[in-house]
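model_39.cif, holding mmCIF, C-alpha atoms:
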```
data_data
#
loop_
_atom_site.label_atom_id
_atom_site.label_comp_id
_atom_site.auth_asym_id
_atom_site.auth_seq_id
_atom_site.Cartn_x
_atom_site.Cartn_y
_atom_site.Cartn_z
CA MET A 1 273.12 20.12 -36.65
CA THR A 2 271.82 19.63 -40.17
CA CYS A 3 272.31 21.93 -43.13
CA ALA A 4 269.51 22.33 -45.64
CA ALA A 5 270.61 22.06 -49.26
CA THR A 6 270.44 25.33 -51.17
CA HIS A 7 268.55 25.30 -54.43
CA GLU A 8 269.53 27.91 -57.01
CA LEU A 9 267.81 28.88 -60.21
CA ALA A 10 268.04 31.92 -62.44
CA ILE A 11 264.80 33.64 -63.51
CA ASP A 12 265.76 35.44 -66.70
CA ILE A 13 263.31 38.17 -67.64
CA GLY A 14 264.27 40.92 -70.09
CA GLY A 15 267.78 39.55 -70.43
CA MET A 16 268.43 40.30 -66.74
CA PRO A 17 268.77 36.96 -64.95
CA ILE A 18 268.09 37.07 -61.22
CA LEU A 19 269.52 34.18 -59.27
CA VAL A 20 267.04 32.94 -56.67
CA ARG A 21 268.25 30.85 -53.72
CA THR A 22 266.02 28.86 -51.42
CA ASP A 23 266.46 26.04 -48.94
CA SER A 24 263.14 24.53 -49.96
CA ALA A 25 263.10 21.96 -52.75
CA GLU A 26 259.31 22.33 -52.95
CA PHE A 27 259.54 26.10 -53.43
CA ALA A 28 262.28 25.69 -56.05
CA ALA A 29 260.08 23.18 -57.91
CA MET A 30 257.16 25.59 -57.72
CA LEU A 31 259.30 28.36 -59.23
CA GLU A 32 260.44 26.06 -62.06
CA ASP A 33 256.83 25.21 -62.78
CA ARG A 34 255.66 28.83 -62.53
CA TYR A 35 258.40 30.42 -64.66
CA GLY A 36 258.90 27.63 -67.21
CA SER A 37 261.05 28.80 -70.11
CA PHE A 38 262.21 31.82 -68.10
CA ILE A 39 264.18 29.53 -65.77
CA HIS A 40 267.84 29.07 -66.63
CA ALA A 41 270.53 27.06 -64.94
CA PRO A 42 272.66 29.27 -62.68
CA SER A 43 275.62 30.69 -64.56
CA SER A 44 278.55 32.94 -63.77
CA ASP A 45 277.15 35.87 -65.78
CA ARG A 46 274.29 36.55 -63.38
CA ILE A 47 274.29 40.07 -61.96
CA PHE A 48 271.50 39.98 -59.40
CA SER A 49 270.55 37.52 -56.68
CA LEU A 50 267.76 37.06 -54.14
CA ASP A 51 267.78 34.82 -51.07
CA ILE A 52 264.32 33.63 -50.10
CA ASP A 53 263.44 33.25 -46.42
CA LEU A 54 260.26 31.24 -46.23
CA ILE A 55 257.84 31.85 -43.36
CA PRO A 56 254.48 30.25 -42.53
CA PRO A 57 251.46 31.58 -44.44
CA PRO A 58 249.63 34.42 -42.65
CA SER A 59 246.39 33.56 -40.87
CA MET A 60 244.70 36.72 -42.15
CA PRO A 61 244.35 37.96 -45.77
CA ALA A 62 247.33 40.16 -46.60
CA ASP A 63 247.16 43.88 -47.27
CA GLU A 64 247.59 44.62 -50.99
CA GLU A 65 249.21 48.04 -50.48
CA VAL A 66 252.71 48.17 -51.97
CA SER A 67 255.46 50.32 -50.49
CA VAL A 68 258.83 50.79 -52.19
CA ARG A 69 261.35 53.15 -50.63
CA LEU A 70 265.07 53.74 -50.56
CA GLU A 71 266.64 53.52 -47.10
CA SER A 72 270.39 53.90 -46.62
CA GLY A 73 270.98 52.95 -50.24
CA ARG A 74 268.81 49.81 -50.11
CA TRP A 75 265.41 49.34 -51.67
CA ILE A 76 262.82 48.23 -49.13
CA MET A 77 259.79 46.63 -50.79
CA THR A 78 256.80 45.62 -48.72
CA ARG A 79 253.34 44.30 -49.35
CA GLY A 80 251.17 42.49 -46.83
CA ASP A 81 252.45 39.13 -48.10
CA PHE A 82 256.18 39.92 -48.40
CA ARG A 83 259.03 42.07 -47.22
CA ALA A 84 262.06 42.35 -49.49
CA GLU A 85 265.19 44.41 -49.56
CA PHE A 86 267.65 44.87 -52.37
CA ASP A 87 271.02 46.58 -52.48
CA PRO A 88 271.54 48.00 -55.99
CA ARG A 89 275.30 48.35 -55.39
CA SER A 90 275.90 44.68 -54.63
CA GLY A 91 272.98 43.44 -56.74
CA HIS A 92 271.90 41.25 -53.84
CA GLY A 93 268.65 41.11 -51.92
CA ARG A 94 266.49 39.04 -49.54
CA VAL A 95 262.81 38.21 -49.68
CA ARG A 96 260.73 37.13 -46.68
CA GLN A 97 257.52 35.46 -47.78
CA SER A 98 255.37 32.38 -47.39
CA PRO A 99 255.78 29.58 -49.94
CA ASN A 100 253.54 30.92 -52.71
CA PRO A 101 254.28 32.08 -56.27
CA TYR A 102 252.46 35.43 -56.04
CA SER A 103 254.79 37.11 -53.56
CA ILE A 104 258.00 36.45 -55.50
CA ASP A 105 256.15 37.49 -58.66
CA GLY A 106 255.35 40.84 -57.01
CA VAL A 107 258.96 41.28 -55.92
CA LEU A 108 260.23 40.53 -59.44
CA ARG A 109 257.85 43.07 -61.00
CA ILE A 110 259.01 45.78 -58.60
CA LEU A 111 262.68 44.87 -58.97
CA HIS A 112 262.56 44.92 -62.77
CA SER A 113 260.71 48.27 -62.74
CA LEU A 114 263.54 49.70 -60.62
CA LEU A 115 266.33 48.18 -62.71
CA LEU A 116 264.73 49.26 -65.99
CA ALA A 117 264.24 52.87 -64.85
CA ARG A 118 267.97 53.57 -65.04
CA GLN A 119 268.20 51.95 -68.49
CA GLY A 120 265.53 54.11 -70.15
CA GLY A 121 263.08 51.19 -70.16
CA PHE A 122 259.86 50.42 -68.34
CA LEU A 123 257.14 47.92 -67.55
CA VAL A 124 253.75 48.89 -68.92
CA HIS A 125 250.21 47.50 -68.67
CA ALA A 126 250.10 46.16 -72.20
CA ALA A 127 249.81 42.92 -74.09
CA SER A 128 252.62 42.36 -76.57
CA ALA A 129 253.25 39.99 -79.41
CA VAL A 130 255.75 39.23 -82.15
CA ARG A 131 254.81 38.83 -85.79
CA ASN A 132 257.30 38.52 -88.65
CA GLY A 133 260.16 39.32 -86.29
CA ARG A 134 258.65 42.61 -85.10
CA ALA A 135 257.01 43.32 -81.76
CA PHE A 136 253.74 45.16 -81.17
CA LEU A 137 252.41 46.49 -77.87
CA PHE A 138 248.72 46.85 -77.02
CA ALA A 139 248.33 49.13 -74.02
CA GLY A 140 245.27 49.55 -71.88
CA VAL A 141 243.82 49.33 -68.41
CA SER A 142 241.99 46.25 -67.14
CA GLY A 143 239.03 45.55 -69.40
CA ALA A 144 240.53 47.31 -72.43
CA GLY A 145 240.95 43.98 -74.21
CA LYS A 146 244.57 42.91 -73.67
CA THR A 147 243.70 39.32 -72.83
CA THR A 148 240.94 39.17 -75.47
CA LEU A 149 243.35 40.30 -78.17
CA SER A 150 245.96 37.81 -76.96
CA ARG A 151 243.44 34.96 -77.13
CA LEU A 152 242.58 35.91 -80.72
CA ALA A 153 246.22 35.81 -81.87
CA PRO A 154 246.64 33.63 -84.97
CA PRO A 155 249.22 30.80 -85.06
CA ASP A 156 251.97 32.91 -86.66
CA VAL A 157 251.87 35.34 -83.72
CA GLU A 158 253.92 34.72 -80.55
CA VAL A 159 252.30 36.32 -77.49
CA LEU A 160 254.93 37.91 -75.23
CA THR A 161 252.42 38.69 -72.48
CA ASP A 162 248.74 39.50 -72.10
CA GLU A 163 249.31 41.82 -69.12
CA ILE A 164 252.75 43.37 -68.43
CA SER A 165 255.07 44.31 -71.28
CA TYR A 166 258.79 44.78 -70.92
CA VAL A 167 260.41 47.56 -72.97
CA ARG A 168 264.03 48.61 -73.21
CA PRO A 169 265.80 51.02 -75.57
CA THR A 170 268.43 49.87 -78.05
CA GLN A 171 270.76 51.87 -80.25
CA SER A 172 268.24 51.91 -83.08
CA GLY A 173 264.93 51.97 -81.22
CA TYR A 174 263.26 49.77 -78.64
CA GLU A 175 262.96 46.07 -77.95
CA ALA A 176 260.07 44.22 -76.34
CA PHE A 177 260.74 41.12 -74.25
CA GLY A 178 258.42 38.31 -73.27
CA THR A 179 257.42 38.18 -69.61
CA PRO A 180 255.98 35.53 -67.29
CA PHE A 181 253.68 38.21 -65.85
CA ALA A 182 250.34 36.89 -67.06
CA GLY A 183 246.86 38.34 -66.77
CA GLU A 184 243.59 36.52 -67.29
CA LEU A 185 245.20 34.38 -69.97
CA ALA A 186 246.97 32.66 -67.04
CA ARG A 187 249.77 31.59 -69.37
CA ILE A 188 253.32 32.92 -69.30
CA GLY A 189 254.51 34.70 -72.41
CA ALA A 190 257.00 33.44 -74.98
CA ASN A 191 260.55 34.01 -73.77
CA LEU A 192 261.87 35.93 -76.75
CA ARG A 193 262.68 39.49 -77.78
CA ALA A 194 262.06 41.54 -80.91
CA PRO A 195 262.46 45.12 -82.13
CA LEU A 196 259.36 47.14 -81.33
CA ALA A 197 257.42 48.27 -84.41
CA ALA A 198 254.47 50.09 -82.83
CA LEU A 199 252.37 50.63 -79.74
CA TYR A 200 248.59 50.61 -80.01
CA LEU A 201 246.25 52.14 -77.43
CA LEU A 202 243.45 49.59 -77.11
CA VAL A 203 239.81 50.59 -77.33
CA GLN A 204 236.97 48.15 -77.96
CA GLY A 205 234.46 49.35 -80.55
CA PRO A 206 231.96 48.25 -83.21
CA GLU A 207 234.59 47.65 -85.91
CA ASN A 208 238.31 47.24 -86.41
CA ARG A 209 240.24 50.36 -87.33
CA ILE A 210 243.49 52.17 -86.58
CA GLU A 211 243.37 55.88 -85.75
CA PRO A 212 246.15 58.42 -85.32
CA VAL A 213 246.79 59.93 -81.89
CA ASP A 214 248.82 63.03 -81.17
CA SER A 215 251.98 62.83 -79.11
CA GLY A 216 250.29 64.43 -76.07
CA GLU A 217 247.57 61.80 -75.93
CA ALA A 218 250.11 59.03 -76.58
CA THR A 219 252.35 60.23 -73.75
CA ARG A 220 249.46 60.63 -71.31
CA ALA A 221 248.08 57.19 -72.11
CA ILE A 222 251.42 55.43 -71.69
CA LEU A 223 252.27 57.31 -68.48
CA ARG A 224 248.92 56.22 -67.03
CA ASN A 225 249.69 52.59 -67.86
CA ILE A 226 253.26 52.51 -66.59
CA LEU A 227 253.99 50.09 -63.76
CA PHE A 228 256.10 51.95 -61.28
CA PHE A 229 255.99 51.50 -57.54
CA ALA A 230 258.80 53.56 -56.05
CA HIS A 231 257.94 57.00 -54.73
CA ASP A 232 261.40 58.22 -55.54
CA GLU A 233 261.81 61.61 -57.16
CA GLU A 234 264.86 60.71 -59.23
CA LEU A 235 263.48 57.46 -60.63
CA VAL A 236 260.01 58.92 -61.26
CA GLY A 237 261.76 61.66 -63.24
CA LEU A 238 263.72 59.08 -65.24
CA VAL A 239 260.62 57.03 -66.10
CA PHE A 240 258.73 60.22 -67.02
CA GLN A 241 261.56 61.20 -69.38
CA SER A 242 261.75 57.66 -70.82
CA VAL A 243 258.11 57.79 -71.90
CA PHE A 244 258.63 61.09 -73.74
CA ASP A 245 261.68 59.58 -75.47
CA PHE A 246 259.66 56.48 -76.35
CA VAL A 247 256.82 58.49 -77.92
CA ALA A 248 259.35 60.45 -79.98
CA ARG A 249 260.78 57.23 -81.49
CA VAL A 250 257.98 54.64 -81.63
CA PRO A 251 254.76 55.02 -83.67
CA VAL A 252 251.76 55.17 -81.32
CA GLN A 253 248.22 54.77 -82.68
CA ARG A 254 244.77 53.86 -81.37
CA LEU A 255 243.51 50.39 -82.22
CA VAL A 256 239.72 50.25 -82.11
CA PHE A 257 238.77 46.61 -82.26
CA THR A 258 235.83 44.32 -82.09
CA PRO A 259 236.58 40.96 -80.54
CA ASP A 260 237.10 38.77 -83.59
CA ALA A 261 240.27 37.37 -85.10
CA CYS A 262 240.07 39.77 -88.10
CA VAL A 263 241.67 42.47 -85.97
CA TRP A 264 245.00 40.70 -86.40
CA GLU A 265 244.86 41.32 -90.18
CA MET A 266 245.70 44.94 -89.35
CA ILE A 267 248.76 44.07 -87.27
CA VAL A 268 251.56 43.49 -89.78
CA MET B 1 243.77 79.38 -47.23
CA GLY B 2 241.99 82.70 -46.45
CA LEU B 3 243.31 86.07 -47.56
CA MET B 4 246.81 85.88 -46.08
CA ALA B 5 249.78 86.21 -48.40
CA ILE B 6 250.48 82.99 -50.24
CA TYR B 7 253.65 82.04 -52.04
CA ALA B 8 254.07 78.88 -54.08
CA ALA B 9 257.27 77.37 -55.44
CA ARG B 10 257.73 74.54 -57.91
CA SER B 11 259.45 71.50 -56.43
CA LYS B 12 262.88 71.18 -58.04
CA GLN B 13 262.72 67.40 -58.32
CA VAL B 14 259.34 67.27 -59.99
CA ALA B 15 259.08 65.75 -63.45
CA ALA B 16 257.45 68.31 -65.76
CA ARG B 17 257.49 68.83 -69.49
CA MET B 18 255.62 70.82 -72.10
CA LEU B 19 254.31 68.86 -75.08
CA GLY B 20 252.12 70.32 -77.81
CA GLY B 21 251.22 73.36 -75.69
CA GLU B 22 250.24 71.17 -72.76
CA MET B 23 252.18 71.00 -69.49
CA MET B 24 252.43 67.50 -68.05
CA ILE B 25 253.58 66.99 -64.50
CA MET B 26 254.04 63.77 -62.58
CA SER B 27 253.95 63.68 -58.83
CA PRO B 28 257.13 62.17 -57.41
CA ARG B 29 255.15 61.21 -54.33
CA ASP B 30 252.49 59.00 -55.88
CA THR B 31 253.10 59.20 -59.69
CA THR B 32 249.75 60.95 -60.24
CA LEU B 33 249.82 62.59 -63.68
CA PHE B 34 248.57 66.16 -64.09
CA ASN B 35 247.83 67.88 -67.41
CA LEU B 36 247.68 71.61 -66.91
CA ASN B 37 245.34 73.78 -68.94
CA ASP B 38 246.26 77.34 -69.94
CA VAL B 39 245.32 78.78 -66.55
CA GLY B 40 247.18 76.03 -64.70
CA SER B 41 250.25 76.54 -66.87
CA VAL B 42 250.34 80.27 -66.02
CA ILE B 43 250.12 79.49 -62.29
CA TRP B 44 252.81 76.81 -62.64
CA GLN B 45 255.17 79.11 -64.53
CA SER B 46 254.55 81.89 -61.99
CA ALA B 47 255.17 79.70 -58.94
CA ASP B 48 258.73 80.87 -58.36
CA GLY B 49 258.40 81.24 -54.59
CA GLN B 50 258.77 85.02 -54.85
CA THR B 51 255.60 86.09 -56.64
CA PRO B 52 252.65 86.43 -54.23
CA LEU B 53 249.41 84.73 -55.18
CA ASP B 54 247.70 88.12 -55.52
CA GLU B 55 250.08 88.98 -58.34
CA ILE B 56 249.54 85.60 -60.01
CA VAL B 57 245.77 86.15 -59.79
CA ALA B 58 246.21 89.58 -61.40
CA ARG B 59 248.10 87.91 -64.27
CA LEU B 60 245.27 85.39 -64.70
CA CYS B 61 242.65 88.17 -64.79
CA ALA B 62 244.70 90.08 -67.36
CA GLU B 63 245.25 87.06 -69.58
CA PHE B 64 241.92 85.28 -69.25
CA ASP B 65 238.38 86.60 -69.03
CA VAL B 66 237.81 85.71 -65.38
CA ALA B 67 236.63 87.58 -62.26
CA PRO B 68 239.28 88.14 -59.56
CA GLU B 69 237.33 86.23 -56.87
CA VAL B 70 236.87 83.23 -59.16
CA ALA B 71 240.49 83.34 -60.28
CA ARG B 72 241.74 83.49 -56.68
CA GLN B 73 239.50 80.63 -55.56
CA ASP B 74 240.56 78.47 -58.52
CA ALA B 75 244.22 79.30 -58.02
CA GLU B 76 244.07 78.46 -54.31
CA SER B 77 242.42 75.09 -55.01
CA PHE B 78 244.92 74.33 -57.75
CA ILE B 79 247.93 75.21 -55.58
CA GLN B 80 246.53 73.22 -52.67
CA GLU B 81 246.04 70.13 -54.83
CA LEU B 82 249.53 70.27 -56.34
CA ALA B 83 251.00 70.85 -52.87
CA GLU B 84 249.30 67.71 -51.60
CA HIS B 85 251.13 65.74 -54.29
CA GLY B 86 254.53 67.27 -53.50
CA ILE B 87 254.58 69.23 -56.77
CA LEU B 88 254.43 72.73 -55.24
CA HIS B 89 255.61 74.08 -51.91
CA VAL B 90 253.36 76.66 -50.24
CA SER B 91 254.18 79.23 -47.58
CA ASP B 92 252.93 82.56 -46.20
CA GLN B 93 256.49 83.86 -46.70
CA PRO B 94 258.58 84.09 -49.89
CA ILE B 95 260.27 80.73 -50.51
CA THR B 96 263.98 80.92 -51.21
CA ALA B 97 265.13 77.36 -50.57
CA GLU B 98 263.72 73.90 -51.13
CA PRO B 99 262.13 72.64 -47.87
CA PRO B 100 263.83 69.56 -46.42
CA ARG B 101 262.58 66.33 -47.90
CA GLN B 102 260.24 64.44 -45.61
CA GLU B 103 261.12 60.79 -45.11
CA PRO B 104 258.11 58.51 -45.24
CA ALA B 105 256.87 57.37 -41.83
#
```
Hey, can you dump this file as C-alpha cells for me?
Amino acid sequence: MTCAATHELAIDIGGMPILVRTDSAEFAAMLEDRYGSFIHAPSSDRIFSLDIDLIPPPSMPADEEVSVRLESGRWIMTRGDFRAEFDPRSGHGRVRQSPNPYSIDGVLRILHSLLLARQGGFLVHAASAVRNGRAFLFAGVSGAGKTTLSRLAPPDVEVLTDEISYVRPTQSGYEAFGTPFAGELARIGANLRAPLAALYLLVQGPENRIEPVDSGEATRAILRNILFFAHDEELVGLVFQSVFDFVARVPVQRLVFTPDACVWEMIV
Amino acid sequence: MGLMAIYAARSKQVAARMLGGEMMIMSPRDTTLFNLNDVGSVIWQSADGQTPLDEIVARLCAEFDVAPEVARQDAESFIQELAEHGILHVSDQPITAEPPRQEPA
C-alpha cells in the first residue's frame, strides 16, 4: 500500500486564510500559480480548512446553476463542476472536483460570502483600488466598465480587483481587501487592505463627472450587485441589513465616465 | 385567484426595510429585490393574515384614485408574485401561524 503525500497551502483572502489540502502535487502547483500572493505557508493560526478530492473531468459540459443550502448544520454547495460541504462549527469542509482552478475558485467565493455575512461584510460585483492609502469601490454589472476602469488605473493606484470586491466593517468604518477573483483583466488583485473612502456606481457616459445619489438608489444598486448564493432566510436578512448599514456610513456617488485615463483625476 | 376570500400574511423571516418612503424587500428564497410603490406598501402593511383582501382593496380605493376592479386585480397579481418569492403567505382562511418551512427538494 502506498500513501500519497499531502500538500497543504493556505489561501488567504480578506484576512481569512483557508487551508487547502490535496494529494496532488500538480493541483497544489496550479493553486500556487493561480493564487500567487494570496498563498501563504500553512500556519497554526488558520481557522478554516478544505480537503480536495479530485475526480476525473466530466465528459459533458457542467451545469452552471449554483445551489447553496444548509443541511443538518453543514453548508452543501453544488454546481455542475463541484460538490462541496462545509461545517461552520468545525471550520472544516471537503470539495469534490476535477483538477481545474475554476471549481475551487467558485467554492472560495461562496465560502467567503457565507463567512462574511455573519461579520457584517459582503462580496460585491465591483472593481476596487487603493490610492494614497484609501480604498475606492466601483460597482456595476457586467459591461458597466469595471475592467475598463481598472485597465486605466495610473501607476500610483493599486488595483484590488476588477470584478469581485471584498468589504468588511471595522470599528471606524469599512475596509476593502484585494481578491484573486478576476474578471476580464485576468489578473489577480493586489493582496492588501485599506480603509474604504467611497463607493461609486459606474455608468459610462460622454464625459467624466461625479453625481450624488440618494440613499434609496445607493442601497438598491448595491443590493443588486451583491454576490450571495445561499437561499437562507437568516443570512439573506443579515446581508440585507449590512448593505443598509454600509450606505449609512460610506459615501456613495455615481461616477459617469468616458473611457480615458482622465477619469482617475477625480478619484482622490 | 377568483372571488374567494383571500388572506395574505407577511413572512416573518423576510428582510424588509423602509428607506426614504420606499419599502425594500428581499426574497429569502432567491434574493430578488422588490421596491414597493405606495400601493404596494399599503398592501404589504395590511398583509397581517387577518385582513381579507376585500378590505385591503377597499383601503386602496379610499386612499388612491382607483376603481375597485382594477385595485383588486392589481392586488391579486401583487400578492401572487410576492407569494411566489416566499415573501407573503396566501390562504383562503385567516392565517394565524407561519406555515412550516419547505425544505428544498
If the PyMOL selection byres ((chain B) within 12 of (chain A)) is run on the structure shown, which residues does it catch, given as a PyMOL selection string? chain B and resi 11-36+85-87+101-105
Return as a PyMOL selection string the set of residues that the PyMOL selection byres ((chain A and resi 144) around 12) yields on the displayed structure. chain A and resi 125-127+138-143+145-150+162-163+200-205+225+254-259
Give me the segment 134-190 of chain A side of the contact with segment 102-115 of chain A, cut-off 12 Å, one line per residue showing its nearest atom pair and distance in Å at one decimal, counting only C-alpha atoms, sorted by chain and residue number, as JSON lines.
```
{"residue": "A:Glu163", "atom": "CA", "partner": "A:Arg109", "partner_atom": "CA", "distance": 11.9}
{"residue": "A:Ile164", "atom": "CA", "partner": "A:Arg109", "partner_atom": "CA", "distance": 9.0}
{"residue": "A:Ser165", "atom": "CA", "partner": "A:Arg109", "partner_atom": "CA", "distance": 10.7}
{"residue": "A:Tyr166", "atom": "CA", "partner": "A:His112", "partner_atom": "CA", "distance": 9.0}
{"residue": "A:Val167", "atom": "CA", "partner": "A:Ser113", "partner_atom": "CA", "distance": 10.3}
{"residue": "A:Arg168", "atom": "CA", "partner": "A:Leu115", "partner_atom": "CA", "distance": 10.8}
{"residue": "A:Thr179", "atom": "CA", "partner": "A:Arg109", "partner_atom": "CA", "distance": 9.9}
{"residue": "A:Pro180", "atom": "CA", "partner": "A:Asp105", "partner_atom": "CA", "distance": 8.9}
{"residue": "A:Phe181", "atom": "CA", "partner": "A:Asp105", "partner_atom": "CA", "distance": 7.6}
{"residue": "A:Ala182", "atom": "CA", "partner": "A:Asp105", "partner_atom": "CA", "distance": 10.2}
{"residue": "A:Ile188", "atom": "CA", "partner": "A:Asp105", "partner_atom": "CA", "distance": 11.9}
```
Between atom CA of Gly15 of chain A and atom CA of Asn191 of chain A, what is the distance in Å, rounded to a tenth?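 A separation of 9.7 Å between them.
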Just so the selection is clear, what residues does the PyMOL selection byres ((chain A and resi 29-31) around 10) cover here, as a ChimeraX atom specification? /A:7,9-11,20,24-28,32-36,38-39,99-101,104-105
If you count all atoms listed in the file, which residues fall within 9 Å of Pro94 of chain B, apart from same-chain ones fewer than 2 positions away, as JSON, numbers by chain? {"B": [6, 7, 8, 9, 49, 50, 51, 52, 91, 92, 96]}
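Our summary of the geometry notes that atom CA of Gly73 of chain A is positioned 29.7 Å from atom CA of Glu175 of chain A.
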Atom pair atom CA of Trp264 of chain A / atom CA of Val213 of chain A: separation (Å):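 For atom CA of Trp264 of chain A relative to atom CA of Val213 of chain A, the distance reads 19.8 Å.
If you measure from each of B:Val57, B:Leu82, B:Ala97, B:Ala5 to Glu69 of chain B using all atoms listed in the file, the closest one turns out to be B:Val57.
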I'd like the contact shell of Thr170 of chain A - 10 Å cut-off, all atoms listed in the file, skipping same-chain residues fewer than 2 positions apart - returned as a PyMOL selection string. chain A and resi 119-121+167-168+172-175+195
Expected file contents, prior selection, C-alpha atoms, as a CSV table (one decimal), in the coordinates of the input:
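Wrote again18.csv, looks like this:
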```
chain,number,residue,atom,x,y,z
A,119,GLN,CA,268.2,52.0,-68.5
A,120,GLY,CA,265.5,54.1,-70.2
A,121,GLY,CA,263.1,51.2,-70.2
A,167,VAL,CA,260.4,47.6,-73.0
A,168,ARG,CA,264.0,48.6,-73.2
A,172,SER,CA,268.2,51.9,-83.1
A,173,GLY,CA,264.9,52.0,-81.2
A,174,TYR,CA,263.3,49.8,-78.6
A,175,GLU,CA,263.0,46.1,-78.0
A,195,PRO,CA,262.5,45.1,-82.1
```
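Closest approach to Met4 of chain B among B:Gln93, B:Ala58, B:Ala71, B:Ala83 is made by B:Gln93 (distances from all atoms listed in the file).
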